[in-house]
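Report on the following structure.
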Amino acid sequence: MVAVGNDFVLAGESDLPAAPLEDLARRLCDRRFGVGGDGLLVLGRSEAADFRMRMFNPDGTEDHCGNGMRCAVVAFVGGIEPGQERRVTLETRAGVKRAQVFWEGDRLLVETEMGEPRFAARDLPMRLDAERVVDYPIEVEGETIRATVVSTGTTHAVLFADRAEVERRFERVSPALEVHPLFPERTSVMWATVESPERVRLRIWERGVGETLGCGTGACATMVAARLHGYVGNRAVIASRGGELRAHWPGSGSCILTGEAQIVFRGRFPL
């Protein structure tokens, strides 16, 4: 499945062997010797919601994923007729979330409740004593970068820069910042360029993956960080190399994310 350039292998829990899912994710997500993907999504039963979604990065680490949520919802719902809508709940690593599937013109969209962002360093987690990490200077690769760090179910360091600076520093700084000692569980790195009060351009380095074309939790973290800085209002389009997402955060409560998700193909894999 694909959502704004993030591609996933999705399977039902009952169809998988008893082997550890961490090992299975490494095997399935390998782009040369497996199916290939930015992560493995596993759908199963839940006592708290309509279904449960687990997500594993290609390195086997379990994580939370906004784009994966939309893919999981589309797979669970199985499609709806134009003009119809469907509401579901899903259990994730970050708690139970609500989602709505609906048509907008000729596009099938999924609106997901991403949860309330967390800011305190102890909750990110980050080895600091601070209630908010906004425009914080971090020494990395012999220079100082300034990061606003937000958890939207997983940790994101958002760096605001113009396009030229992003291109110059992305590949050198991103992998070093991911594993910086300040982040005990590593961090994803969002390079954000504010194009207008309604639009932010994003280049993405995801922890455990590397560069990806899209990141739902990262889009929400970027929306939150941009609003904290006063760069955007309550709503903005977050554009990445894989496409566009609509984000809504009024300054408190849950961040809401809206975008597409598609089933690209179905197949079998020998285990």
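Numbering starts fresh at 1 for the residues of each chain in the structure tokens, the chains themselves are lettered A, B, ... in the order given, and ligands are numbered from 1 as they appear.
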
Point to revise | DSSP helix (DSSP H, G or I) residues within stretch 5-224 of chain A, as a ChimeraX atom specification | key: /A:13-15,21-29,66-77,121-123,163-178,216-224

Counting only C-alpha atoms, which residues in stretch 103-180 of chain A sit no more than 12 Å from stretch 222-242 of chain A? For each one, give the nearest pair of atoms and the distance in Å, sorted by chain then residue number, as a tab-separated table.
```
residue	atom	partner	partner_atom	distance
A:Met114	CA	A:Val224	CA	11.7
A:Gly115	CA	A:Val224	CA	11.8
A:Glu116	CA	A:Val224	CA	10.0
A:Pro117	CA	A:Val224	CA	7.7
A:Arg118	CA	A:Val224	CA	10.0
A:Phe119	CA	A:Ala225	CA	10.0
A:Arg132	CA	A:Leu228	CA	10.4
A:Val133	CA	A:Ala225	CA	10.0
A:Val134	CA	A:Ala225	CA	8.0
A:Asp135	CA	A:His229	CA	8.9
A:Ala147	CA	A:Ala225	CA	9.5
A:Thr148	CA	A:Ala225	CA	6.4
A:Val149	CA	A:Ala225	CA	7.7
A:Val150	CA	A:Ala225	CA	7.3
A:Ser151	CA	A:Val224	CA	9.9
A:Thr152	CA	A:Val224	CA	9.3
A:Thr155	CA	A:Thr222	CA	11.4
A:His156	CA	A:Thr222	CA	8.4
A:Ala157	CA	A:Thr222	CA	8.8
A:Val158	CA	A:Thr222	CA	6.2
A:Leu159	CA	A:Thr222	CA	8.8
A:Phe160	CA	A:Ala226	CA	8.5
A:Ala161	CA	A:Ala226	CA	11.8
```

Restricting the output to C-alpha atoms, write the selected residues as a compact mmCIF listing (two decimals), in the first residue's frame.
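Output saved as out-v7.txt:
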```
# COMPACT_ATOMS: atom_id res chain seq x y z
CA MET A 114 -3.34 11.76 15.34
CA GLY A 115 -3.53 12.51 19.05
CA GLU A 116 -2.40 15.41 21.18
CA PRO A 117 1.23 16.40 20.58
CA ARG A 118 3.64 16.16 23.50
CA PHE A 119 6.32 18.75 24.20
CA ARG A 132 9.13 22.63 25.57
CA VAL A 133 12.03 22.19 23.17
CA VAL A 134 11.57 25.08 20.75
CA ASP A 135 14.38 26.38 18.52
CA ALA A 147 15.45 22.18 16.37
CA THR A 148 11.89 22.22 17.62
CA VAL A 149 11.13 18.74 18.95
CA VAL A 150 7.61 17.33 19.13
CA SER A 151 6.23 13.85 19.76
CA THR A 152 3.16 12.91 17.74
CA THR A 155 9.80 11.71 18.16
CA HIS A 156 10.41 14.38 15.50
CA ALA A 157 13.05 17.09 15.35
CA VAL A 158 11.74 19.84 13.05
CA LEU A 159 14.35 22.12 11.46
CA PHE A 160 13.18 25.26 9.62
CA ALA A 161 15.43 26.26 6.70
```

Practice item. Determine, counting only C-alpha atoms, which protein, DNA and RNA residues have an atom within 8 Å of an atom of stretch 61-63 of chain A; residues of the same chain fewer than 4 positions away are not included. Present the result as a ChimeraX atom specification. Key: /A:22,54-57,93,154,208

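Remark: for A:Ala75, the closest of the candidate residues A:Cys29, A:Val189, A:Ala18, A:Ala11 is A:Ala11 (distances computed over only C-alpha atoms).
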
Per-residue nearest contacts of stretch 141-256 of chain A to stretch 109-113 of chain A (7 Å; only C-alpha atoms) as a Markdown table:
```
| residue | atom | partner | partner_atom | distance |
| --- | --- | --- | --- | --- |
| A:Ser254 | CA | A:Glu113 | CA | 6.5 |
| A:Cys255 | CA | A:Glu113 | CA | 6.4 |
| A:Ile256 | CA | A:Glu113 | CA | 4.9 |
```

Review point. Of the candidates A:Val73, A:Val101, A:Ala221, A:Leu182, which one gets nearest to A:Asp50 if we count only C-alpha atoms?
Key: A:Val73

Practice item. From stretch 20-96 of chain A, collect each residue whose DSSP state is strand (DSSP E) and return the set as number ranges by chain. Key: A: 39-44, 51-56, 62-63, 85-92, 95-96

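If only C-alpha atoms are the atoms counted, then among A:Thr217, A:Ser252, A:Thr89, A:Ser46 the closest residue to A:Asn6 is A:Thr217.
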
Need to verify the contact set: A:Pro82, 9 Å, only C-alpha atoms, exclusion of same-chain residues closer than 6 positions in sequence. Can you return it as a PDB file with C-alpha atoms, in the first residue's frame?
```
ATOM      1  CA  PHE A 102     -15.013   9.729   2.678  1.00  0.00           C
ATOM      2  CA  TRP A 103     -15.058  10.846  -0.959  1.00  0.00           C
ATOM      3  CA  GLU A 104     -14.007  14.317  -2.075  1.00  0.00           C
ATOM      4  CA  GLY A 105     -14.694  14.568  -5.788  1.00  0.00           C
ATOM      5  CA  ASP A 106     -13.000  11.542  -7.340  1.00  0.00           C
ATOM      6  CA  LEU A 108     -11.039   8.664  -1.523  1.00  0.00           C
TER       7      LEU A 108
END
```

Exercise for review: Please provide as number ranges by chain all residues within 9 Å of A:Leu41, with the sequence filter that same-chain residues fewer than 3 positions apart are discarded (counting only C-alpha atoms).
Suggested key: A: 8-12, 25, 53-56, 68-69, 71-72

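Here atom CA of A:Glu198 and atom CA of A:Trp249 stand 12.5 Å from one another.
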
Exercise for review: Enter the distance from atom CA of A:Arg186 to atom CA of A:Arg203, in Å, rounded to one decimal.
Suggested key: 17.8 Å
